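Peer 1: Following this line is upload_22.cif, made up of mmCIF, N, CA and C atoms:
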```cif
data_final
#
loop_
_atom_site.label_atom_id
_atom_site.label_comp_id
_atom_site.auth_asym_id
_atom_site.auth_seq_id
_atom_site.Cartn_x
_atom_site.Cartn_y
_atom_site.Cartn_z
N ALA A 1 43.39 -3.08 16.60
CA ALA A 1 42.98 -3.08 17.99
C ALA A 1 42.29 -4.40 18.28
N GLN A 2 42.62 -4.97 19.39
CA GLN A 2 41.97 -6.21 19.80
C GLN A 2 41.63 -6.08 21.27
N VAL A 3 40.33 -6.21 21.59
CA VAL A 3 39.87 -6.05 22.96
C VAL A 3 39.45 -7.42 23.47
N GLY A 4 40.37 -8.22 23.90
CA GLY A 4 40.13 -9.51 24.52
C GLY A 4 38.95 -10.31 24.00
N SER A 5 38.58 -11.33 24.71
CA SER A 5 37.43 -12.13 24.30
C SER A 5 36.22 -11.86 25.17
N THR A 6 36.40 -11.13 26.27
CA THR A 6 35.28 -10.84 27.17
C THR A 6 35.44 -9.46 27.76
N LEU A 7 34.33 -8.73 27.81
CA LEU A 7 34.31 -7.44 28.48
C LEU A 7 33.12 -7.48 29.42
N SER A 8 33.38 -7.41 30.71
CA SER A 8 32.31 -7.51 31.70
C SER A 8 32.24 -6.22 32.49
N VAL A 9 31.06 -5.62 32.49
CA VAL A 9 30.85 -4.38 33.21
C VAL A 9 29.60 -4.55 34.05
N ARG A 10 29.69 -4.22 35.34
CA ARG A 10 28.53 -4.42 36.22
C ARG A 10 27.60 -3.23 36.27
N SER A 11 28.11 -2.04 36.23
CA SER A 11 27.26 -0.87 36.45
C SER A 11 27.25 0.07 35.24
N TRP A 12 28.36 0.71 34.94
CA TRP A 12 28.37 1.76 33.93
C TRP A 12 29.72 1.76 33.23
N LEU A 13 29.73 1.97 31.90
CA LEU A 13 30.98 1.97 31.15
C LEU A 13 30.88 2.99 30.04
N ARG A 14 31.94 3.76 29.88
CA ARG A 14 32.03 4.67 28.75
C ARG A 14 33.37 4.41 28.08
N LEU A 15 33.29 4.03 26.81
CA LEU A 15 34.51 3.76 26.06
C LEU A 15 34.88 4.99 25.24
N GLY A 16 35.18 6.07 25.90
CA GLY A 16 35.59 7.30 25.24
C GLY A 16 34.49 7.88 24.37
N SER A 17 34.78 8.97 23.75
CA SER A 17 33.78 9.60 22.89
C SER A 17 33.96 9.17 21.44
N ALA A 18 35.08 8.54 21.11
CA ALA A 18 35.30 8.08 19.74
C ALA A 18 36.23 6.88 19.76
N LEU A 19 36.01 5.99 18.83
CA LEU A 19 36.88 4.84 18.64
C LEU A 19 37.18 4.77 17.16
N SER A 20 38.42 4.92 16.80
CA SER A 20 38.81 4.92 15.40
C SER A 20 39.75 3.75 15.14
N VAL A 21 39.38 2.92 14.16
CA VAL A 21 40.19 1.76 13.80
C VAL A 21 40.45 1.84 12.31
N PHE A 22 41.70 1.79 11.90
CA PHE A 22 42.04 1.93 10.48
C PHE A 22 41.97 0.60 9.73
N ASP A 23 42.47 -0.46 10.30
CA ASP A 23 42.60 -1.71 9.55
C ASP A 23 41.67 -2.80 10.05
N PHE A 24 41.83 -3.25 11.29
CA PHE A 24 41.09 -4.41 11.76
C PHE A 24 40.78 -4.25 13.24
N ALA A 25 39.58 -4.56 13.62
CA ALA A 25 39.21 -4.54 15.03
C ALA A 25 38.46 -5.81 15.36
N HIS A 26 38.83 -6.45 16.45
CA HIS A 26 38.14 -7.65 16.91
C HIS A 26 37.70 -7.37 18.33
N LEU A 27 36.38 -7.22 18.49
CA LEU A 27 35.85 -6.92 19.81
C LEU A 27 35.31 -8.18 20.45
N GLY A 28 36.17 -9.10 20.71
CA GLY A 28 35.79 -10.32 21.40
C GLY A 28 34.92 -11.24 20.56
N SER A 29 34.56 -12.34 21.15
CA SER A 29 33.72 -13.31 20.44
C SER A 29 32.25 -13.10 20.74
N SER A 30 31.92 -12.31 21.76
CA SER A 30 30.52 -12.04 22.04
C SER A 30 30.37 -10.73 22.78
N LEU A 31 29.22 -10.12 22.60
CA LEU A 31 28.88 -8.91 23.33
C LEU A 31 27.48 -9.15 23.88
N SER A 32 27.38 -9.21 25.17
CA SER A 32 26.11 -9.50 25.81
C SER A 32 25.64 -8.28 26.57
N LEU A 33 24.41 -7.85 26.28
CA LEU A 33 23.86 -6.67 26.94
C LEU A 33 22.59 -7.06 27.66
N ARG A 34 22.46 -6.64 28.90
CA ARG A 34 21.30 -7.05 29.69
C ARG A 34 20.18 -6.03 29.64
N SER A 35 20.51 -4.75 29.60
CA SER A 35 19.45 -3.75 29.70
C SER A 35 19.47 -2.77 28.53
N LEU A 36 20.33 -1.80 28.54
CA LEU A 36 20.31 -0.74 27.54
C LEU A 36 21.72 -0.45 27.05
N THR A 37 21.85 -0.29 25.75
CA THR A 37 23.11 0.14 25.17
C THR A 37 22.81 1.15 24.10
N ARG A 38 23.53 2.22 24.10
CA ARG A 38 23.39 3.22 23.05
C ARG A 38 24.73 3.39 22.39
N LEU A 39 24.77 3.11 21.11
CA LEU A 39 26.00 3.29 20.35
C LEU A 39 25.93 4.65 19.66
N SER A 40 25.98 5.70 20.43
CA SER A 40 25.91 7.07 19.95
C SER A 40 24.61 7.26 19.18
N SER A 41 24.52 8.28 18.39
CA SER A 41 23.32 8.49 17.59
C SER A 41 23.47 7.88 16.21
N SER A 42 24.67 7.47 15.86
CA SER A 42 24.88 6.82 14.57
C SER A 42 26.04 5.84 14.67
N LEU A 43 26.03 4.87 13.80
CA LEU A 43 27.10 3.89 13.71
C LEU A 43 27.52 3.87 12.25
N SER A 44 28.75 4.20 11.98
CA SER A 44 29.23 4.27 10.60
C SER A 44 30.28 3.20 10.38
N ILE A 45 30.06 2.40 9.34
CA ILE A 45 31.00 1.33 9.00
C ILE A 45 31.36 1.48 7.53
N PHE A 46 32.64 1.58 7.25
CA PHE A 46 33.07 1.85 5.88
C PHE A 46 33.25 0.58 5.07
N GLY A 47 33.81 -0.44 5.63
CA GLY A 47 34.10 -1.66 4.89
C GLY A 47 33.00 -2.70 4.96
N GLU A 48 33.20 -3.71 5.76
CA GLU A 48 32.26 -4.83 5.87
C GLU A 48 31.93 -5.07 7.33
N MET A 49 30.66 -5.40 7.58
CA MET A 49 30.24 -5.73 8.93
C MET A 49 29.33 -6.95 8.86
N ARG A 50 29.56 -7.91 9.71
CA ARG A 50 28.71 -9.09 9.76
C ARG A 50 27.97 -9.11 11.08
N LEU A 51 26.65 -9.30 10.98
CA LEU A 51 25.82 -9.39 12.17
C LEU A 51 25.34 -10.83 12.29
N GLY A 52 24.91 -11.22 13.47
CA GLY A 52 24.44 -12.58 13.70
C GLY A 52 23.31 -13.00 12.77
N SER A 53 22.33 -13.65 13.29
CA SER A 53 21.27 -14.20 12.45
C SER A 53 20.12 -13.23 12.25
N SER A 54 20.03 -12.15 13.02
CA SER A 54 18.92 -11.22 12.84
C SER A 54 19.33 -9.81 13.17
N LEU A 55 18.60 -8.87 12.58
CA LEU A 55 18.80 -7.45 12.84
C LEU A 55 17.42 -6.83 12.95
N SER A 56 17.15 -6.17 14.03
CA SER A 56 15.86 -5.53 14.23
C SER A 56 16.05 -4.02 14.24
N VAL A 57 15.26 -3.34 13.41
CA VAL A 57 15.35 -1.89 13.30
C VAL A 57 13.96 -1.33 13.54
N SER A 58 13.83 -0.39 14.48
CA SER A 58 12.50 0.13 14.79
C SER A 58 12.16 1.41 14.04
N ASP A 59 13.10 1.99 13.32
CA ASP A 59 12.82 3.22 12.59
C ASP A 59 13.39 3.08 11.18
N ASP A 60 13.98 4.10 10.64
CA ASP A 60 14.53 4.07 9.29
C ASP A 60 15.90 3.40 9.28
N LEU A 61 16.21 2.76 8.17
CA LEU A 61 17.51 2.13 7.97
C LEU A 61 17.99 2.53 6.59
N PHE A 62 19.14 3.15 6.48
CA PHE A 62 19.68 3.61 5.22
C PHE A 62 20.91 2.79 4.84
N PHE A 63 20.97 2.40 3.58
CA PHE A 63 22.12 1.66 3.06
C PHE A 63 22.77 2.49 1.97
N GLY A 64 23.97 2.13 1.61
CA GLY A 64 24.65 2.78 0.50
C GLY A 64 23.90 2.50 -0.79
N SER A 65 24.56 1.98 -1.78
CA SER A 65 23.89 1.72 -3.05
C SER A 65 23.50 0.25 -3.22
N ARG A 66 24.02 -0.67 -2.38
CA ARG A 66 23.71 -2.09 -2.54
C ARG A 66 23.45 -2.77 -1.21
N LEU A 67 22.57 -3.77 -1.26
CA LEU A 67 22.30 -4.62 -0.11
C LEU A 67 22.47 -6.06 -0.59
N HIS A 68 23.51 -6.74 -0.12
CA HIS A 68 23.84 -8.09 -0.58
C HIS A 68 23.15 -9.16 0.27
N PHE A 69 22.85 -10.30 -0.37
CA PHE A 69 22.22 -11.43 0.30
C PHE A 69 23.04 -12.69 0.04
N GLY A 70 23.78 -13.15 1.04
CA GLY A 70 24.49 -14.42 0.94
C GLY A 70 25.76 -14.39 0.11
N THR A 71 25.68 -13.96 -1.14
CA THR A 71 26.85 -13.92 -2.01
C THR A 71 27.01 -12.52 -2.59
N SER A 72 28.16 -12.27 -3.18
CA SER A 72 28.42 -10.93 -3.71
C SER A 72 27.64 -10.64 -4.99
N ASP A 73 27.08 -11.68 -5.65
CA ASP A 73 26.36 -11.43 -6.91
C ASP A 73 24.84 -11.51 -6.76
N THR A 74 24.33 -11.54 -5.54
CA THR A 74 22.88 -11.50 -5.30
C THR A 74 22.61 -10.31 -4.38
N TYR A 75 22.00 -9.27 -4.95
CA TYR A 75 21.86 -8.03 -4.20
C TYR A 75 20.74 -7.16 -4.77
N ILE A 76 20.39 -6.12 -4.01
CA ILE A 76 19.49 -5.07 -4.45
C ILE A 76 20.34 -3.82 -4.59
N HIS A 77 20.16 -3.12 -5.70
CA HIS A 77 20.99 -1.95 -6.01
C HIS A 77 20.10 -0.77 -6.35
N TYR A 78 20.38 0.40 -5.78
CA TYR A 78 19.65 1.62 -6.15
C TYR A 78 20.51 2.40 -7.13
N ASP A 79 19.99 2.63 -8.31
CA ASP A 79 20.68 3.42 -9.34
C ASP A 79 20.14 4.84 -9.29
N SER A 80 20.94 5.76 -8.76
CA SER A 80 20.47 7.14 -8.59
C SER A 80 20.30 7.86 -9.92
N GLY A 81 21.01 7.44 -10.98
CA GLY A 81 20.87 8.07 -12.28
C GLY A 81 19.50 7.85 -12.89
N SER A 82 19.02 6.62 -12.82
CA SER A 82 17.70 6.29 -13.39
C SER A 82 16.64 6.24 -12.30
N THR A 83 17.00 6.46 -11.06
CA THR A 83 16.13 6.34 -9.88
C THR A 83 15.37 5.02 -9.88
N GLU A 84 16.09 3.95 -10.18
CA GLU A 84 15.52 2.60 -10.18
C GLU A 84 16.09 1.78 -9.05
N LEU A 85 15.27 0.92 -8.51
CA LEU A 85 15.70 -0.09 -7.57
C LEU A 85 15.81 -1.37 -8.37
N ARG A 86 17.01 -1.94 -8.46
CA ARG A 86 17.25 -3.12 -9.30
C ARG A 86 17.60 -4.32 -8.44
N PHE A 87 17.01 -5.45 -8.81
CA PHE A 87 17.22 -6.70 -8.08
C PHE A 87 18.07 -7.63 -8.95
N TYR A 88 19.18 -8.12 -8.39
CA TYR A 88 20.09 -9.01 -9.10
C TYR A 88 20.16 -10.35 -8.39
N ALA A 89 20.17 -11.43 -9.16
CA ALA A 89 20.35 -12.78 -8.62
C ALA A 89 21.39 -13.48 -9.48
N GLY A 90 22.43 -13.97 -8.87
CA GLY A 90 23.49 -14.63 -9.61
C GLY A 90 24.18 -13.70 -10.61
N GLY A 91 24.20 -12.40 -10.30
CA GLY A 91 24.85 -11.43 -11.17
C GLY A 91 23.98 -10.94 -12.32
N ASN A 92 22.77 -11.48 -12.47
CA ASN A 92 21.87 -11.09 -13.56
C ASN A 92 20.73 -10.23 -13.04
N LYS A 93 20.43 -9.14 -13.77
CA LYS A 93 19.32 -8.27 -13.37
C LYS A 93 18.02 -9.02 -13.59
N ARG A 94 17.19 -9.12 -12.55
CA ARG A 94 15.94 -9.88 -12.61
C ARG A 94 14.70 -9.00 -12.51
N MET A 95 14.83 -7.82 -11.87
CA MET A 95 13.67 -6.95 -11.73
C MET A 95 14.14 -5.52 -11.54
N SER A 96 13.41 -4.56 -12.15
CA SER A 96 13.67 -3.14 -11.98
C SER A 96 12.38 -2.48 -11.54
N VAL A 97 12.47 -1.60 -10.53
CA VAL A 97 11.30 -0.91 -10.01
C VAL A 97 11.60 0.58 -9.96
N SER A 98 10.67 1.39 -10.47
CA SER A 98 10.80 2.85 -10.40
C SER A 98 9.46 3.44 -10.01
N SER A 99 9.40 4.75 -9.92
CA SER A 99 8.14 5.40 -9.54
C SER A 99 7.08 5.24 -10.63
N ALA A 100 7.50 4.98 -11.87
CA ALA A 100 6.55 4.79 -12.98
C ALA A 100 6.04 3.36 -13.08
N GLY A 101 6.64 2.43 -12.39
CA GLY A 101 6.24 1.02 -12.49
C GLY A 101 7.45 0.13 -12.36
N GLY A 102 7.47 -0.96 -13.11
CA GLY A 102 8.59 -1.87 -13.02
C GLY A 102 8.65 -2.83 -14.18
N ASP A 103 9.77 -3.52 -14.31
CA ASP A 103 9.99 -4.50 -15.37
C ASP A 103 10.57 -5.77 -14.77
N LEU A 104 10.15 -6.91 -15.32
CA LEU A 104 10.74 -8.20 -14.98
C LEU A 104 11.75 -8.54 -16.07
N HIS A 105 12.91 -9.02 -15.71
CA HIS A 105 13.96 -9.38 -16.66
C HIS A 105 14.23 -10.88 -16.56
N GLY A 106 14.53 -11.51 -17.68
CA GLY A 106 14.81 -12.94 -17.68
C GLY A 106 13.54 -13.76 -17.81
N THR A 107 13.63 -15.02 -17.48
CA THR A 107 12.49 -15.93 -17.58
C THR A 107 11.85 -16.08 -16.20
N TRP A 108 10.53 -15.89 -16.14
CA TRP A 108 9.79 -16.00 -14.90
C TRP A 108 8.73 -17.07 -15.06
N SER A 109 8.35 -17.69 -13.97
CA SER A 109 7.26 -18.65 -13.98
C SER A 109 6.29 -18.30 -12.85
N SER A 110 5.08 -18.82 -12.96
CA SER A 110 4.06 -18.52 -11.97
C SER A 110 3.38 -19.80 -11.52
N GLU A 111 2.96 -19.83 -10.26
CA GLU A 111 2.24 -20.99 -9.74
C GLU A 111 0.77 -20.96 -10.10
N SER A 112 0.27 -19.82 -10.55
CA SER A 112 -1.14 -19.70 -10.93
C SER A 112 -1.24 -18.91 -12.24
N ILE A 113 -2.45 -18.81 -12.77
CA ILE A 113 -2.67 -18.15 -14.05
C ILE A 113 -2.46 -16.65 -13.91
N ILE A 114 -1.74 -16.08 -14.86
CA ILE A 114 -1.54 -14.64 -14.92
C ILE A 114 -2.33 -14.14 -16.12
N SER A 115 -3.21 -13.21 -15.92
CA SER A 115 -3.98 -12.66 -17.04
C SER A 115 -3.43 -11.28 -17.37
N ALA A 116 -3.41 -10.99 -18.65
CA ALA A 116 -2.93 -9.70 -19.11
C ALA A 116 -3.99 -9.08 -20.00
N SER A 117 -4.17 -7.81 -19.88
CA SER A 117 -5.17 -7.10 -20.67
C SER A 117 -4.55 -5.82 -21.18
N ASP A 118 -4.68 -5.58 -22.48
CA ASP A 118 -4.09 -4.41 -23.10
C ASP A 118 -5.21 -3.49 -23.60
N ARG A 119 -5.39 -2.35 -22.97
CA ARG A 119 -6.45 -1.41 -23.33
C ARG A 119 -6.33 -0.94 -24.78
N ARG A 120 -5.14 -0.91 -25.33
CA ARG A 120 -4.95 -0.43 -26.70
C ARG A 120 -5.62 -1.34 -27.73
N LEU A 121 -5.84 -2.60 -27.38
CA LEU A 121 -6.43 -3.55 -28.32
C LEU A 121 -7.95 -3.63 -28.20
N LYS A 122 -8.55 -2.91 -27.27
CA LYS A 122 -9.99 -3.01 -27.03
C LYS A 122 -10.74 -1.93 -27.81
N ARG A 123 -11.80 -2.35 -28.50
CA ARG A 123 -12.66 -1.43 -29.26
C ARG A 123 -14.12 -1.77 -28.98
N SER A 124 -14.97 -0.80 -28.88
CA SER A 124 -16.42 -0.97 -28.72
C SER A 124 -16.77 -1.92 -27.57
N ILE A 125 -16.24 -1.66 -26.41
CA ILE A 125 -16.50 -2.50 -25.25
C ILE A 125 -17.85 -2.12 -24.65
N GLU A 126 -18.70 -3.13 -24.37
CA GLU A 126 -19.99 -2.92 -23.73
C GLU A 126 -20.26 -4.06 -22.76
N PRO A 127 -21.12 -3.85 -21.78
CA PRO A 127 -21.42 -4.91 -20.80
C PRO A 127 -21.99 -6.15 -21.48
N LEU A 128 -21.60 -7.31 -21.02
CA LEU A 128 -22.00 -8.57 -21.62
C LEU A 128 -23.51 -8.78 -21.59
N HIS A 129 -24.18 -8.41 -20.50
CA HIS A 129 -25.64 -8.64 -20.41
C HIS A 129 -26.39 -7.84 -21.48
N LEU A 130 -25.91 -6.63 -21.83
CA LEU A 130 -26.56 -5.85 -22.88
C LEU A 130 -26.38 -6.50 -24.25
N ARG A 131 -25.20 -6.99 -24.50
CA ARG A 131 -24.91 -7.63 -25.79
C ARG A 131 -25.73 -8.92 -25.95
N LEU A 132 -25.86 -9.70 -24.88
CA LEU A 132 -26.65 -10.93 -24.93
C LEU A 132 -28.13 -10.62 -25.14
N ALA A 133 -28.64 -9.58 -24.49
CA ALA A 133 -30.04 -9.19 -24.66
C ALA A 133 -30.32 -8.75 -26.10
N ALA A 134 -29.39 -7.99 -26.67
CA ALA A 134 -29.56 -7.55 -28.05
C ALA A 134 -29.52 -8.73 -29.00
N HIS A 135 -28.65 -9.67 -28.75
CA HIS A 135 -28.55 -10.86 -29.59
C HIS A 135 -29.82 -11.71 -29.48
N ALA A 136 -30.37 -11.85 -28.26
CA ALA A 136 -31.59 -12.63 -28.05
C ALA A 136 -32.78 -11.97 -28.74
N SER A 137 -32.89 -10.64 -28.69
CA SER A 137 -34.01 -9.96 -29.35
C SER A 137 -33.90 -10.07 -30.87
N MET A 138 -32.68 -10.11 -31.39
CA MET A 138 -32.50 -10.30 -32.84
C MET A 138 -32.91 -11.71 -33.23
N ALA A 139 -32.64 -12.69 -32.41
CA ALA A 139 -32.99 -14.08 -32.70
C ALA A 139 -34.50 -14.26 -32.70
N VAL A 140 -35.22 -13.56 -31.83
CA VAL A 140 -36.68 -13.64 -31.76
C VAL A 140 -37.31 -12.93 -32.95
N ALA A 141 -36.73 -11.80 -33.38
CA ALA A 141 -37.30 -11.02 -34.49
C ALA A 141 -37.07 -11.69 -35.83
N THR A 142 -36.05 -12.51 -35.95
CA THR A 142 -35.75 -13.19 -37.21
C THR A 142 -36.13 -14.65 -37.07
N PRO A 143 -37.21 -15.14 -37.79
CA PRO A 143 -37.59 -16.55 -37.70
C PRO A 143 -36.49 -17.45 -38.26
N ALA A 144 -36.51 -18.71 -37.81
CA ALA A 144 -35.53 -19.69 -38.26
C ALA A 144 -35.67 -19.92 -39.76
N GLY A 145 -34.54 -20.00 -40.44
CA GLY A 145 -34.51 -20.25 -41.87
C GLY A 145 -34.62 -18.98 -42.70
N THR A 146 -34.77 -17.81 -42.07
CA THR A 146 -34.86 -16.55 -42.79
C THR A 146 -33.48 -15.89 -42.79
N PRO A 147 -33.04 -15.44 -43.97
CA PRO A 147 -31.72 -14.81 -44.00
C PRO A 147 -31.66 -13.48 -43.33
#
```
Written as structure tokens, how would this file's structure read?
Peer 2:
Amino acid sequence: AQVGSTLSVRSWLRLGSALSVFDFAHLGSSLSLRSLTRLSSSLSIFGEMRLGSSLSVSDDLFFGSRLHFGTSDTYIHYDSGSTELRFYAGGNKRMSVSSAGGDLHGTWSSESIISASDRRLKRSIEPLHLRLAAHASMAVATPAGTP
């Protein structure tokens, strides 16, 4: 189906209750709306759809299993089996996020210092000011040169 390069309507237009296209549809080179347009309560696209430079959504937006960015090998993928959201760049998995946390894959760099602390390696932790006070009182109780 090909609907010319321009569709101009001054007052009101209804393009039937359904439009079904099996192979290819070209709806002109532009669609300009001045006031209000409602494309039913849902818009379903099975193959591929390209939108201009921006898309604004005021409520929920649901995608299939992948959301591509620029190329076919840079995308976000939801894996329903592991319930993970996976981020791919250049075809390589770079990050996985789940309800339990997440993992970074590959080599990452940071613009600032990253500190890591492992609770499993900590033993007998106490506030620094208490430890310094105890050390100072031991130094006063033991004269210099005494073992």
Peer 1: Provide the atom N of Tyr88 of chain A to atom CA of Thr107 of chain A distance in Å, to one decimal place.
Peer 2: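 It comes out at 13.8 Å.
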Peer 1: Pick out the residues sitting within 8 Å of Gly106 of chain A, and hand them over as a PDB file with N, CA and C atoms, keeping the file's coordinate frame; count all atoms listed in the file, and ignore anything fewer than 3 positions along from it in its own chain.
Peer 2:
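Result file around.pdb:
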```pdb
ATOM      1  N   ASN A  92      22.770 -11.480 -12.470  1.00  0.00           N
ATOM      2  CA  ASN A  92      21.870 -11.090 -13.560  1.00  0.00           C
ATOM      3  C   ASN A  92      20.730 -10.230 -13.040  1.00  0.00           C
ATOM      4  N   LYS A  93      20.430  -9.140 -13.770  1.00  0.00           N
ATOM      5  CA  LYS A  93      19.320  -8.270 -13.370  1.00  0.00           C
ATOM      6  C   LYS A  93      18.020  -9.020 -13.590  1.00  0.00           C
ATOM      7  N   ARG A  94      17.190  -9.120 -12.550  1.00  0.00           N
ATOM      8  CA  ARG A  94      15.940  -9.880 -12.610  1.00  0.00           C
ATOM      9  C   ARG A  94      14.700  -9.000 -12.510  1.00  0.00           C
ATOM     10  N   MET A  95      14.830  -7.820 -11.870  1.00  0.00           N
ATOM     11  CA  MET A  95      13.670  -6.950 -11.730  1.00  0.00           C
ATOM     12  C   MET A  95      14.140  -5.520 -11.540  1.00  0.00           C
ATOM     13  N   ASP A 103       9.770  -3.520 -14.310  1.00  0.00           N
ATOM     14  CA  ASP A 103       9.990  -4.500 -15.370  1.00  0.00           C
ATOM     15  C   ASP A 103      10.570  -5.770 -14.770  1.00  0.00           C
ATOM     16  N   SER A 109       8.350 -17.690 -13.970  1.00  0.00           N
ATOM     17  CA  SER A 109       7.260 -18.650 -13.980  1.00  0.00           C
ATOM     18  C   SER A 109       6.290 -18.300 -12.850  1.00  0.00           C
TER      19      SER A 109
END
```
Peer 1: What would the selection look like, as a ChimeraX atom specification, if the PyMOL selection byres ((chain A and resi 66) around 7) were run on the coordinates I just shared?
Peer 2: /A:63-65,67-68,75-78
Peer 1: Mind pulling up the distance from atom C of Phe87 of chain A to atom N of His105 of chain A?
Peer 2: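 Distance reported for this atom pair: 8.6 Å.
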Peer 1: For the atom pair atom CA of Gly70 of chain A and atom N of Ser98 of chain A, what is the interatomic distance in Å to one decimal place?
Peer 2: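 Interatomic distance, atom CA of Gly70 of chain A to atom N of Ser98 of chain A: 23.9 Å.
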Peer 1: Using only C-alpha atoms, pick whichever of A:Ala139, A:Ala116, A:Leu130, A:Leu85 has the shortest atom-to-atom distance to Gly102 of chain A.
Peer 2: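 Once distances to Gly102 of chain A are computed over only C-alpha atoms, the minimum belongs to A:Leu85.
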Peer 1: Please evaluate the PyMOL selection byres ((chain A and resi 83) around 6) against the displayed coordinates and give the resulting residues as a ChimeraX atom specification.
Peer 2: /A:79-82,84-85,97-99
Peer 1: For a cutoff of 10 Å around the file-coordinate point (24.1, -18.2, -11.0), which residues qualify once you count only C-alpha atoms? I'd like the result as a ChimeraX atom specification.
Peer 2: /A:73-74,89-92
Peer 1: Using DSSP on the backbone coordinates, identify all residues within segment 53-136 of chain A classified as alpha helix (DSSP H); present the result as a PDB file with N, CA and C atoms, keeping the file's coordinate frame.
Peer 2:
```pdb
ATOM      1  N   LEU A 128     -21.600  -7.310 -21.020  1.00  0.00           N
ATOM      2  CA  LEU A 128     -22.000  -8.570 -21.620  1.00  0.00           C
ATOM      3  C   LEU A 128     -23.510  -8.780 -21.590  1.00  0.00           C
ATOM      4  N   HIS A 129     -24.180  -8.410 -20.500  1.00  0.00           N
ATOM      5  CA  HIS A 129     -25.640  -8.640 -20.410  1.00  0.00           C
ATOM      6  C   HIS A 129     -26.390  -7.840 -21.480  1.00  0.00           C
ATOM      7  N   LEU A 130     -25.910  -6.630 -21.830  1.00  0.00           N
ATOM      8  CA  LEU A 130     -26.560  -5.850 -22.880  1.00  0.00           C
ATOM      9  C   LEU A 130     -26.380  -6.500 -24.250  1.00  0.00           C
ATOM     10  N   ARG A 131     -25.200  -6.990 -24.500  1.00  0.00           N
ATOM     11  CA  ARG A 131     -24.910  -7.630 -25.790  1.00  0.00           C
ATOM     12  C   ARG A 131     -25.730  -8.920 -25.950  1.00  0.00           C
ATOM     13  N   LEU A 132     -25.860  -9.700 -24.880  1.00  0.00           N
ATOM     14  CA  LEU A 132     -26.650 -10.930 -24.930  1.00  0.00           C
ATOM     15  C   LEU A 132     -28.130 -10.620 -25.140  1.00  0.00           C
ATOM     16  N   ALA A 133     -28.640  -9.580 -24.490  1.00  0.00           N
ATOM     17  CA  ALA A 133     -30.040  -9.190 -24.660  1.00  0.00           C
ATOM     18  C   ALA A 133     -30.320  -8.750 -26.100  1.00  0.00           C
ATOM     19  N   ALA A 134     -29.390  -7.990 -26.670  1.00  0.00           N
ATOM     20  CA  ALA A 134     -29.560  -7.550 -28.050  1.00  0.00           C
ATOM     21  C   ALA A 134     -29.520  -8.730 -29.000  1.00  0.00           C
ATOM     22  N   HIS A 135     -28.650  -9.670 -28.750  1.00  0.00           N
ATOM     23  CA  HIS A 135     -28.550 -10.860 -29.590  1.00  0.00           C
ATOM     24  C   HIS A 135     -29.820 -11.710 -29.480  1.00  0.00           C
ATOM     25  N   ALA A 136     -30.370 -11.850 -28.260  1.00  0.00           N
ATOM     26  CA  ALA A 136     -31.590 -12.630 -28.050  1.00  0.00           C
ATOM     27  C   ALA A 136     -32.780 -11.970 -28.740  1.00  0.00           C
TER      28      ALA A 136
END
```
